[in-house]
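Chemist: Provided herewith: target_28.json, JSON, C-alpha atoms.
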[["chain", "number", "residue", "atom", "x", "y", "z"],
["H", 87, "MET", "CA", 43.08, -16.95, -0.66],
["H", 88, "THR", "CA", 39.41, -16.32, 0.04],
["H", 89, "ILE", "CA", 37.27, -19.33, 0.89],
["H", 90, "THR", "CA", 33.78, -18.90, -0.55],
["H", 91, "ALA", "CA", 31.04, -20.90, 1.17],
["H", 92, "ALA", "CA", 27.26, -20.83, 1.35],
["H", 93, "ALA", "CA", 25.53, -21.42, 4.70],
["H", 94, "ASP", "CA", 21.88, -22.35, 5.01],
["H", 95, "GLY", "CA", 19.30, -23.79, 7.37],
["H", 96, "SER", "CA", 15.98, -25.58, 7.06],
["H", 97, "ALA", "CA", 13.12, -26.46, 9.41],
["H", 98, "LEU", "CA", 10.15, -28.58, 8.41],
["H", 99, "GLY", "CA", 7.29, -26.77, 10.11],
["H", 100, "ASN", "CA", 9.48, -24.01, 11.57],
["H", 101, "PRO", "CA", 9.84, -25.11, 14.28],
["H", 102, "GLY", "CA", 10.15, -28.79, 13.48],
["H", 103, "PRO", "CA", 12.83, -31.24, 12.36],
["H", 104, "ALA", "CA", 15.71, -28.92, 11.45],
["H", 105, "GLY", "CA", 18.90, -29.10, 9.44],
["H", 106, "TRP", "CA", 21.88, -26.93, 8.58],
["H", 107, "ALA", "CA", 24.67, -27.06, 6.03],
["H", 108, "TRP", "CA", 27.60, -25.13, 4.62],
["H", 109, "TYR", "CA", 28.96, -25.83, 1.17],
["H", 110, "VAL", "CA", 32.19, -24.92, -0.65],
["H", 111, "ASN", "CA", 32.12, -27.63, -3.33],
["H", 112, "ASP", "CA", 31.15, -31.28, -3.67],
["H", 113, "ASP", "CA", 34.32, -32.35, -1.85],
["H", 114, "CYS", "CA", 34.03, -29.78, 0.92],
["H", 115, "TRP", "CA", 30.75, -29.46, 2.80],
["H", 116, "ARG", "CA", 29.11, -30.44, 6.06],
["H", 117, "ALA", "CA", 25.58, -30.85, 7.39],
["H", 118, "GLY", "CA", 23.77, -31.69, 10.59],
["H", 119, "GLY", "CA", 20.61, -30.90, 12.50],
["H", 120, "TRP", "CA", 18.24, -31.61, 15.39],
["H", 121, "PRO", "CA", 14.89, -33.31, 15.91],
["H", 122, "HIS", "CA", 13.33, -29.91, 16.68],
["H", 123, "GLY", "CA", 14.50, -26.44, 15.73],
["H", 124, "THR", "CA", 13.89, -23.34, 13.61],
["H", 125, "ASN", "CA", 15.18, -21.99, 10.32],
["H", 126, "ASN", "CA", 17.12, -19.30, 12.14],
["H", 127, "GLN", "CA", 18.81, -21.82, 14.43],
["H", 128, "GLY", "CA", 19.81, -23.84, 11.38],
["H", 129, "GLU", "CA", 21.23, -20.78, 9.64],
["H", 130, "LEU", "CA", 23.21, -19.78, 12.74],
["H", 131, "MET", "CA", 24.54, -23.30, 13.28],
["H", 132, "ALA", "CA", 25.73, -23.48, 9.65],
["H", 133, "VAL", "CA", 27.72, -20.28, 10.13],
["H", 134, "LEU", "CA", 29.09, -21.47, 13.49],
["H", 135, "ASP", "CA", 30.21, -24.82, 12.13],
["H", 136, "LEU", "CA", 31.85, -23.16, 9.12],
["H", 137, "PHE", "CA", 33.97, -21.00, 11.43],
["H", 138, "ARG", "CA", 34.87, -24.02, 13.53],
["H", 139, "ALA", "CA", 35.74, -26.11, 10.47],
["H", 140, "THR", "CA", 38.17, -23.45, 9.25],
["H", 141, "ALA", "CA", 39.65, -22.52, 12.63],
["H", 142, "HIS", "CA", 42.91, -24.24, 11.70],
["H", 143, "ILE", "CA", 43.50, -21.68, 8.92],
["H", 144, "PRO", "CA", 42.61, -18.38, 10.64],
["H", 145, "GLY", "CA", 44.63, -16.35, 8.13],
["H", 146, "GLU", "CA", 42.32, -17.28, 5.25],
["H", 147, "GLU", "CA", 39.39, -14.93, 4.69],
["H", 148, "LEU", "CA", 35.88, -16.37, 4.59],
["H", 149, "LEU", "CA", 33.25, -15.10, 2.16],
["H", 150, "ILE", "CA", 29.97, -16.41, 3.58],
["H", 151, "LEU", "CA", 26.98, -16.40, 1.25],
["H", 152, "CYS", "CA", 23.77, -16.35, 3.27],
["H", 153, "ASP", "CA", 20.12, -15.86, 2.32],
["H", 154, "SER", "CA", 19.05, -14.93, 5.86],
["H", 155, "GLN", "CA", 19.38, -11.24, 6.61],
["H", 156, "TYR", "CA", 18.41, -12.02, 10.22],
["H", 157, "VAL", "CA", 21.64, -14.01, 10.59],
["H", 158, "ILE", "CA", 23.75, -11.42, 8.76],
["H", 159, "ASN", "CA", 22.35, -8.54, 10.78],
["H", 160, "ALA", "CA", 22.56, -10.48, 14.05],
["H", 161, "VAL", "CA", 26.26, -11.24, 13.54],
["H", 162, "THR", "CA", 27.44, -8.00, 11.92],
["H", 163, "LYS", "CA", 25.14, -5.32, 13.34],
["H", 164, "TRP", "CA", 23.10, -6.28, 16.39],
["H", 165, "MET", "CA", 25.44, -8.51, 18.40],
["H", 166, "PRO", "CA", 27.68, -5.73, 19.83],
["H", 167, "GLY", "CA", 24.64, -3.92, 21.24],
["H", 168, "TRP", "CA", 23.15, -7.13, 22.61],
["H", 169, "LYS", "CA", 26.42, -7.91, 24.39],
["H", 170, "ARG", "CA", 26.51, -4.45, 25.99],
["H", 171, "LYS", "CA", 22.97, -4.99, 27.27],
["H", 172, "GLY", "CA", 23.77, -8.41, 28.72],
["H", 173, "TRP", "CA", 22.39, -10.23, 25.67],
["H", 174, "ARG", "CA", 19.06, -8.46, 25.88],
["H", 175, "LYS", "CA", 17.15, -6.63, 23.16],
["H", 176, "ALA", "CA", 16.22, -2.96, 23.26],
["H", 177, "ASP", "CA", 12.89, -3.85, 24.91],
["H", 178, "GLY", "CA", 14.73, -5.71, 27.68],
["H", 179, "LYS", "CA", 13.67, -9.17, 26.54],
["H", 180, "PRO", "CA", 16.31, -11.90, 26.19],
["H", 181, "VAL", "CA", 17.88, -12.33, 22.77],
["H", 182, "LEU", "CA", 16.65, -15.42, 20.93],
["H", 183, "ASN", "CA", 19.15, -18.17, 20.08],
["H", 184, "VAL", "CA", 21.61, -16.61, 22.50],
["H", 185, "ASP", "CA", 23.69, -19.78, 23.02],
["H", 186, "LEU", "CA", 24.45, -20.08, 19.31],
["H", 187, "LEU", "CA", 25.18, -16.36, 19.05],
["H", 188, "LYS", "CA", 27.58, -16.46, 21.98],
["H", 189, "GLU", "CA", 29.49, -19.34, 20.39],
["H", 190, "ILE", "CA", 29.66, -17.51, 17.05],
["H", 191, "ASP", "CA", 30.94, -14.43, 18.89],
["H", 192, "GLN", "CA", 33.82, -16.49, 20.29],
["H", 193, "GLU", "CA", 34.69, -17.97, 16.89],
["H", 194, "LEU", "CA", 34.86, -14.53, 15.24],
["H", 195, "LYS", "CA", 37.88, -13.44, 17.26],
["H", 196, "GLY", "CA", 40.92, -13.02, 15.06],
["H", 197, "ARG", "CA", 39.08, -14.07, 11.91],
["H", 198, "LYS", "CA", 38.71, -12.26, 8.60],
["H", 199, "TYR", "CA", 35.26, -12.67, 7.12],
["H", 200, "THR", "CA", 32.72, -11.14, 4.79],
["H", 201, "PHE", "CA", 28.98, -11.81, 4.71],
["H", 202, "GLU", "CA", 27.13, -11.40, 1.44],
["H", 203, "TRP", "CA", 23.38, -11.72, 1.09],
["H", 204, "VAL", "CA", 22.03, -13.85, -1.76],
["H", 205, "ARG", "CA", 18.38, -14.39, -2.59],
["H", 206, "GLY", "CA", 17.24, -17.85, -1.58],
["H", 207, "HIS", "CA", 15.77, -20.28, -4.12],
["H", 208, "ALA", "CA", 16.93, -18.10, -6.99],
["H", 209, "GLY", "CA", 19.29, -20.51, -8.73],
["H", 210, "HIS", "CA", 22.56, -19.53, -7.00],
["H", 211, "ASP", "CA", 24.64, -22.70, -7.26],
["H", 212, "LEU", "CA", 26.31, -22.61, -3.84],
["H", 213, "ASN", "CA", 23.17, -21.48, -2.03],
["H", 214, "GLU", "CA", 21.09, -24.20, -3.69],
["H", 215, "ALA", "CA", 23.68, -26.83, -2.77],
["H", 216, "ALA", "CA", 23.70, -25.75, 0.89],
["H", 217, "ASP", "CA", 19.90, -25.56, 0.94],
["H", 218, "ASP", "CA", 19.56, -29.07, -0.52],
["H", 219, "ARG", "CA", 21.85, -30.50, 2.15],
["H", 220, "ALA", "CA", 20.20, -28.61, 5.02],
["H", 221, "ARG", "CA", 16.77, -29.75, 3.88],
["H", 222, "ALA", "CA", 18.02, -33.32, 3.50],
["H", 223, "ALA", "CA", 19.30, -33.24, 7.09],
["H", 224, "ALA", "CA", 15.94, -31.95, 8.36],
["H", 225, "THR", "CA", 14.15, -34.65, 6.38],
["H", 226, "ALA", "CA", 16.44, -37.31, 7.83],
["H", 227, "TYR", "CA", 15.52, -36.25, 11.35],
["H", 228, "GLN", "CA", 11.85, -36.24, 10.36],
["H", 229, "GLN", "CA", 12.13, -39.80, 9.02],
["H", 230, "GLY", "CA", 14.41, -41.05, 11.78],
["H", 231, "VAL", "CA", 17.27, -42.03, 9.46],
["H", 232, "ALA", "CA", 20.97, -41.19, 9.47],
["H", 233, "VAL", "CA", 22.04, -37.73, 8.29],
["H", 234, "ARG", "CA", 24.58, -37.39, 5.48],
["H", 235, "GLN", "CA", 27.15, -35.27, 7.29],
["H", 236, "GLY", "CA", 29.50, -34.71, 4.36],
["H", 237, "PRO", "CA", 33.30, -34.85, 4.11],
["H", 238, "GLY", "CA", 33.87, -31.69, 6.15],
["H", 239, "PHE", "CA", 36.63, -29.21, 5.42],
["H", 240, "GLY", "CA", 39.77, -31.22, 5.97],
["H", 241, "ALA", "CA", 39.08, -33.62, 3.12],
["H", 242, "ALA", "CA", 39.39, -30.80, 0.62],
["H", 243, "ALA", "CA", 42.09, -28.71, 2.31],
["H", 244, "GLY", "CA", 44.72, -29.71, -0.25],
["H", 245, "PRO", "CA", 43.00, -29.09, -3.62],
["H", 246, "LEU", "CA", 40.72, -26.35, -2.30],
["H", 247, "ALA", "CA", 42.32, -23.58, -4.31],
["H", 248, "ASP", "CA", 41.79, -25.46, -7.60],
["H", 249, "ALA", "CA", 38.24, -26.46, -6.66],
["H", 250, "GLY", "CA", 37.42, -22.94, -5.55],
["H", 251, "ALA", "CA", 38.43, -21.59, -8.94],
["H", 252, "LYS", "CA", 35.47, -23.44, -10.47],
["H", 253, "GLN", "CA", 32.93, -21.83, -8.13],
["H", 254, "PRO", "CA", 30.62, -19.01, -9.27],
["H", 255, "GLN", "CA", 32.11, -15.84, -7.81],
["H", 256, "PRO", "CA", 30.05, -12.87, -6.55],
["H", 257, "ALA", "CA", 29.97, -9.72, -8.62],
["H", 258, "ALA", "CA", 32.92, -7.42, -8.00],
["H", 259, "ARG", "CA", 32.29, -4.64, -5.51],
["H", 260, "THR", "CA", 32.75, -1.04, -6.55],
["H", 261, "ALA", "CA", 33.02, 2.14, -4.54],
["H", 262, "ALA", "CA", 29.49, 3.13, -5.53],
["H", 263, "VAL", "CA", 26.85, 1.23, -3.60],
["H", 264, "PRO", "CA", 23.59, 0.57, -5.49],
["H", 265, "SER", "CA", 20.46, 2.26, -4.21],
["H", 266, "GLY", "CA", 18.88, 0.40, -1.32],
["H", 267, "ARG", "CA", 22.13, -1.30, -0.29],
["H", 268, "GLN", "CA", 24.74, -0.52, 2.30],
["H", 269, "GLU", "CA", 28.29, -1.58, 3.01],
["H", 270, "PHE", "CA", 30.06, -1.13, 6.31],
["H", 271, "SER", "CA", 33.05, -2.46, 8.17],
["H", 272, "ASP", "CA", 33.62, -3.16, 11.84],
["H", 273, "GLY", "CA", 37.36, -3.55, 11.39],
["H", 274, "GLN", "CA", 37.35, -7.19, 10.36],
["H", 275, "SER", "CA", 33.95, -7.92, 8.86],
["H", 276, "VAL", "CA", 32.23, -6.42, 5.85],
["H", 277, "PHE", "CA", 28.58, -6.85, 5.00],
["H", 278, "SER", "CA", 27.13, -6.26, 1.56],
["H", 279, "GLY", "CA", 23.36, -6.56, 1.43],
["H", 280, "PHE", "CA", 20.04, -4.79, 1.56],
["H", 281, "SER", "CA", 19.75, -2.18, 4.30],
["H", 282, "GLU", "CA", 16.25, -3.30, 5.29],
["H", 283, "PRO", "CA", 16.36, -6.54, 7.27],
["H", 284, "ASP", "CA", 14.48, -9.46, 5.74],
["H", 285, "LEU", "CA", 14.02, -11.89, 8.57],
["H", 286, "PHE", "CA", 12.52, -14.80, 6.71],
["H", 287, "SER", "CA", 13.73, -14.53, 3.13],
["H", 288, "GLU", "CA", 14.83, -18.14, 3.33],
["H", 289, "LEU", "CA", 11.24, -19.43, 3.52],
["H", 290, "ASP", "CA", 9.70, -21.40, 0.68],
["H", 291, "GLU", "CA", 6.98, -19.94, -1.48],
["H", 292, "GLU", "CA", 3.57, -21.45, -0.80],
["H", 293, "PRO", "CA", 0.31, -21.59, -2.75],
["H", 294, "ALA", "CA", -1.60, -18.33, -2.91],
["H", 295, "ALA", "CA", -4.45, -19.42, -0.66],
["H", 296, "SER", "CA", -5.78, -22.74, 0.60],
["H", 297, "GLY", "CA", -9.44, -23.40, -0.03],
["H", 298, "VAL", "CA", -9.70, -20.80, -2.82],
["H", 299, "PRO", "CA", -10.60, -22.12, -6.31],
["H", 300, "ALA", "CA", -7.83, -21.76, -8.89],
["H", 301, "GLU", "CA", -10.12, -19.66, -11.08],
["H", 302, "ALA", "CA", -10.97, -17.24, -8.24],
["H", 303, "SER", "CA", -10.44, -13.54, -8.87],
["H", 304, "ALA", "CA", -7.41, -11.75, -7.48],
["H", 305, "GLU", "CA", -9.70, -9.84, -5.13],
["H", 306, "ALA", "CA", -11.11, -13.10, -3.72],
["H", 307, "VAL", "CA", -7.64, -14.61, -3.29],
["H", 308, "VAL", "CA", -6.34, -11.53, -1.50],
["H", 309, "GLU", "CA", -9.37, -11.35, 0.80],
["H", 310, "SER", "CA", -8.82, -15.01, 1.73],
["H", 311, "LEU", "CA", -5.15, -14.36, 2.45],
["H", 312, "GLU", "CA", -5.99, -11.33, 4.61],
["H", 313, "ARG", "CA", -8.43, -13.42, 6.63],
["H", 314, "GLU", "CA", -5.80, -16.14, 6.95],
["H", 315, "LEU", "CA", -3.23, -13.63, 8.18],
["H", 316, "LEU", "CA", -5.64, -12.41, 10.89],
["H", 317, "ARG", "CA", -5.97, -15.89, 12.40],
["H", 318, "PRO", "CA", -3.86, -16.47, 15.54],
["H", 319, "GLU", "CA", -2.68, -19.87, 14.30],
["H", 320, "THR", "CA", -1.31, -18.26, 11.13],
["H", 321, "ARG", "CA", 0.45, -15.46, 12.99],
["H", 322, "ALA", "CA", 1.96, -18.07, 15.32],
["H", 323, "ASP", "CA", 3.34, -19.91, 12.28],
["H", 324, "LEU", "CA", 6.23, -17.63, 11.34],
["H", 325, "GLY", "CA", 6.96, -19.75, 8.30],
["H", 326, "ARG", "CA", 3.56, -19.05, 6.77],
["H", 327, "THR", "CA", 3.49, -15.42, 7.93],
["H", 328, "GLY", "CA", 6.93, -14.88, 6.44],
["H", 329, "VAL", "CA", 5.58, -16.03, 3.07],
["H", 330, "LEU", "CA", 2.56, -13.73, 3.20],
["H", 331, "LEU", "CA", 4.48, -10.58, 4.14],
["H", 332, "HIS", "CA", 6.39, -8.90, 1.32],
["H", 333, "PRO", "CA", 10.15, -8.45, 1.93],
["H", 334, "ASP", "CA", 9.54, -4.66, 1.89],
["H", 335, "PHE", "CA", 6.43, -4.84, 4.09],
["H", 336, "THR", "CA", 5.62, -1.73, 6.13],
["H", 337, "GLU", "CA", 2.76, -1.12, 8.54],
["H", 338, "ILE", "CA", 1.58, 2.06, 10.22],
["H", 339, "GLY", "CA", -0.12, 0.53, 13.23],
["H", 340, "SER", "CA", -3.22, 1.76, 15.04],
["H", 341, "SER", "CA", -0.88, 2.95, 17.82],
["H", 342, "GLY", "CA", 1.04, 5.11, 15.33],
["H", 343, "ARG", "CA", 4.10, 2.87, 15.35],
["H", 344, "ILE", "CA", 5.82, 2.04, 12.06],
["H", 345, "TRP", "CA", 6.59, -1.65, 11.63],
["H", 346, "THR", "CA", 8.92, -3.39, 9.17],
["H", 347, "ARG", "CA", 8.64, -7.04, 8.20],
["H", 348, "ASP", "CA", 11.53, -7.79, 10.54],
["H", 349, "THR", "CA", 10.09, -6.07, 13.60],
["H", 350, "MET", "CA", 6.62, -7.46, 12.91],
["H", 351, "LEU", "CA", 7.81, -11.05, 12.73],
["H", 352, "MET", "CA", 9.93, -10.67, 15.85],
["H", 353, "ALA", "CA", 6.90, -9.26, 17.69],
["H", 354, "LEU", "CA", 4.65, -12.07, 16.48],
["H", 355, "GLU", "CA", 7.18, -14.62, 17.68],
["H", 356, "ASP", "CA", 6.71, -13.23, 21.20],
["H", 357, "ASN", "CA", 2.94, -12.67, 20.95],
["H", 358, "PRO", "CA", 0.79, -13.73, 17.96],
["H", 359, "GLY", "CA", -2.26, -12.00, 19.44],
["H", 360, "GLY", "CA", -5.88, -13.05, 19.64],
["H", 361, "PRO", "CA", -8.67, -13.62, 17.11],
["H", 362, "VAL", "CA", -9.72, -10.84, 14.73],
["H", 363, "ASP", "CA", -12.99, -10.60, 12.79],
["H", 364, "LEU", "CA", -12.93, -8.92, 9.37],
["H", 365, "GLU", "CA", -15.85, -6.86, 8.03],
["H", 366, "LEU", "CA", -15.00, -6.25, 4.37],
["H", 367, "LEU", "CA", -15.61, -2.73, 3.07],
["H", 368, "GLY", "CA", -13.98, -2.98, -0.34],
["H", 369, "ALA", "CA", -11.63, -4.96, -2.57],
["H", 370, "ASP", "CA", -10.32, -2.87, -5.46],
["H", 371, "ARG", "CA", -8.02, -3.94, -8.29],
["H", 372, "LEU", "CA", -5.57, -1.04, -8.69],
["H", 373, "GLY", "CA", -3.52, -2.75, -11.39],
["H", 374, "GLU", "CA", -2.66, -6.12, -12.83],
["H", 375, "LYS", "CA", -0.52, -6.96, -9.79],
["H", 376, "THR", "CA", -2.06, -4.77, -7.07],
["H", 377, "VAL", "CA", -5.18, -5.12, -4.92],
["H", 378, "LEU", "CA", -6.32, -2.76, -2.16],
["H", 379, "LEU", "CA", -8.46, -4.16, 0.64],
["H", 380, "THR", "CA", -10.36, -1.93, 3.07],
["H", 381, "TYR", "CA", -12.15, -3.38, 6.06],
["H", 382, "ARG", "CA", -13.18, -2.97, 9.67],
["H", 383, "SER", "CA", -11.50, -5.25, 12.19],
["H", 384, "HIS", "CA", -13.20, -6.33, 15.43],
["H", 385, "THR", "CA", -11.32, -7.58, 18.49],
["H", 386, "ARG", "CA", -12.02, -7.67, 22.21],
["H", 387, "GLU", "CA", -10.23, -4.32, 22.46],
["H", 388, "GLY", "CA", -12.51, -2.62, 19.93],
["H", 389, "SER", "CA", -12.75, -1.92, 16.22],
["H", 390, "ALA", "CA", -10.42, -0.26, 13.71],
["H", 391, "LEU", "CA", -10.58, 0.80, 10.08],
["H", 392, "ARG", "CA", -7.85, -0.86, 8.05],
["H", 393, "SER", "CA", -6.38, -0.87, 4.56],
["H", 394, "SER", "CA", -4.04, -3.47, 3.08],
["H", 395, "LEU", "CA", -2.13, -3.21, -0.19],
["H", 396, "TRP", "CA", -1.34, -6.61, -1.70],
["H", 397, "VAL", "CA", 1.05, -7.08, -4.63],
["H", 398, "LEU", "CA", 1.68, -10.10, -6.84],
["H", 399, "ASP", "CA", 5.30, -11.19, -6.30],
["H", 400, "GLY", "CA", 5.95, -13.91, -8.87],
["H", 401, "ALA", "CA", 3.12, -16.37, -8.29],
["H", 402, "GLN", "CA", 2.50, -15.33, -4.67],
["H", 403, "TRP", "CA", 0.30, -12.48, -3.42],
["H", 404, "ARG", "CA", 2.10, -10.70, -0.56],
["H", 405, "LEU", "CA", 1.08, -7.94, 1.80],
["H", 406, "ARG", "CA", 3.16, -4.87, 0.95],
["H", 407, "PHE", "CA", 1.57, -2.16, 3.15],
["H", 408, "HIS", "CA", -0.96, -2.03, 5.95],
["H", 409, "GLN", "CA", -2.46, 0.78, 8.00],
["H", 410, "GLY", "CA", -4.92, 0.72, 10.88],
["H", 411, "THR", "CA", -6.88, 3.53, 12.52],
["H", 412, "PRO", "CA", -8.85, 2.82, 15.73],
["H", 413, "GLU", "CA", -12.50, 3.86, 15.76],
["H", 414, "SER", "CA", -13.63, 6.06, 18.62]]
Could you quickly redo this structure as structure tokens?

Modeler:
Amino acid sequence: MTITAAADGSALGNPGPAGWAWYVNDDCWRAGGWPHGTNNQGELMAVLDLFRATAHIPGEELLILCDSQYVINAVTKWMPGWKRKGWRKADGKPVLNVDLLKEIDQELKGRKYTFEWVRGHAGHDLNEAADDRARAAATAYQQGVAVRQGPGFGAAAGPLADAGAKQPQPAARTAAVPSGRQEFSDGQSVFSGFSEPDLFSELDEEPAASGVPAEASAEAVVESLERELLRPETRADLGRTGVLLHPDFTEIGSSGRIWTRDTMLMALEDNPGGPVDLELLGADRLGEKTVLLTYRSHTREGSALRSSLWVLDGAQWRLRFHQGTPES
């Protein structure tokens, strides 16, 4: 039998009061948290606790539904390389959340498991249930009240097969993998998800721009968002930055390096940079859902000519592409 469970994390402020939860059904779930933590720590802890809660039935396969591609990639792709490098990244810096990752690594031994990415806040029943419980745990720590921890796994161990039959099941896999997706196996684990990491897909949508009138033009909204994204306090807030960057964000930096949303957010976590002044050159509406900004940026290191392509993703304008060229 395959046990299908969603795992999710939440952090109010990111970092801030944090919660985590895994959910199989209303009779089989668990939640917890800390006074201070991050979304990623919550996501990792939910996965770790799920493995611990099912350690007494190692022969049963786990199908873990997760809306964090950071967690999926960390567990199924990056961890072997980190271990070989002494839990250090390619740049030599220590891996973040290493204690949780090491504990997950121990729990994986001898287990059969599959990770499947699901889009967060998109109406997936199990994901929504886990998210609600993780957020409730974070809110409890914020308010200083007791956390609803849930019945755990043992309470539902008997009727689990019948309860599991009522759960929404993921679409059947076929030999053909849709464009933009990949499937691979490391002998015990299988991952089905988008090939491009999406580090902060679990973040909530936020209003388009604070301080901008509701009737403002798309060009004005996008210019305000670009200016917001250039502020150090915004870049230091990975929750807000994760909302502003499109899941498929790409940047060709002034150094010539190509950045993805994942690598950009990981870099900003280490160094959000200093203040940047924006000298607007143009704001052009290329289509109903596309705006191109061109501007000159000024920092202590010098100036650069820049272009940013913003697209309307639902109700939120997001930065899809950026390029910078230093001025001589």

Chemist: Just checking: using all atoms listed in the file, which residue out of H:Trp115, H:Ala232, H:Ser303, H:Leu324 ends up closest to H:Glu374?

Modeler: H:Ser303

Chemist: Quick one: pull the distance between atom CA of H:Ser394 and atom CA of H:Gly206, Å, one decimal.

Modeler: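 Separation of atom CA of H:Ser394 and atom CA of H:Gly206: 26.1 Å.
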
Chemist: Counting only C-alpha atoms, which of H:Ala390, H:Leu330, H:Leu316, H:Leu379 gets nearest to H:Pro358?

Modeler: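 Among the listed residues, H:Leu316 lies closest to H:Pro358.
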
Chemist: Smallest atom-to-atom distance to H:Val397: which of H:Ala304, H:Met87, H:Ala92, H:Val204, using all atoms listed in the file?

Modeler: H:Ala304

Chemist: With a distance cut-off of 10 Å and only C-alpha atoms, select the neighbouring residues of H:Leu182, excluding the residue or stretch itself and same-chain residues fewer than 3 positions from it, and output the selection as an NGL selection string.

Modeler: :H and (126-127 or 173-175 or 179 or 185-187 or 352)

Chemist: Expressed in Å to a single decimal, how great is the separation between atom CA of H:Thr385 and atom CA of H:Asp363?

Modeler: 6.7 Å

Chemist: Save stretch 141-152 of chain H from what I just supplied, as a compact mmCIF listing (two decimals), in the first residue's frame, atoms limited to C-alpha atoms.

Modeler:
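Wrote part17.txt, looks like this:
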# COMPACT_ATOMS: atom_id res chain seq x y z
CA ALA H 141 9.28 4.38 10.68
CA HIS H 142 7.40 1.44 12.21
CA ILE H 143 6.13 0.42 8.75
CA PRO H 144 9.27 0.76 6.59
CA GLY H 145 7.88 -1.59 3.93
CA GLU H 146 5.09 0.83 3.01
CA GLU H 147 5.93 3.33 0.27
CA LEU H 148 5.43 7.03 0.95
CA LEU H 149 4.10 9.40 -1.70
CA ILE H 150 4.98 12.85 -0.38
CA LEU H 151 3.16 15.79 -1.95
CA CYS H 152 5.20 18.96 -1.50
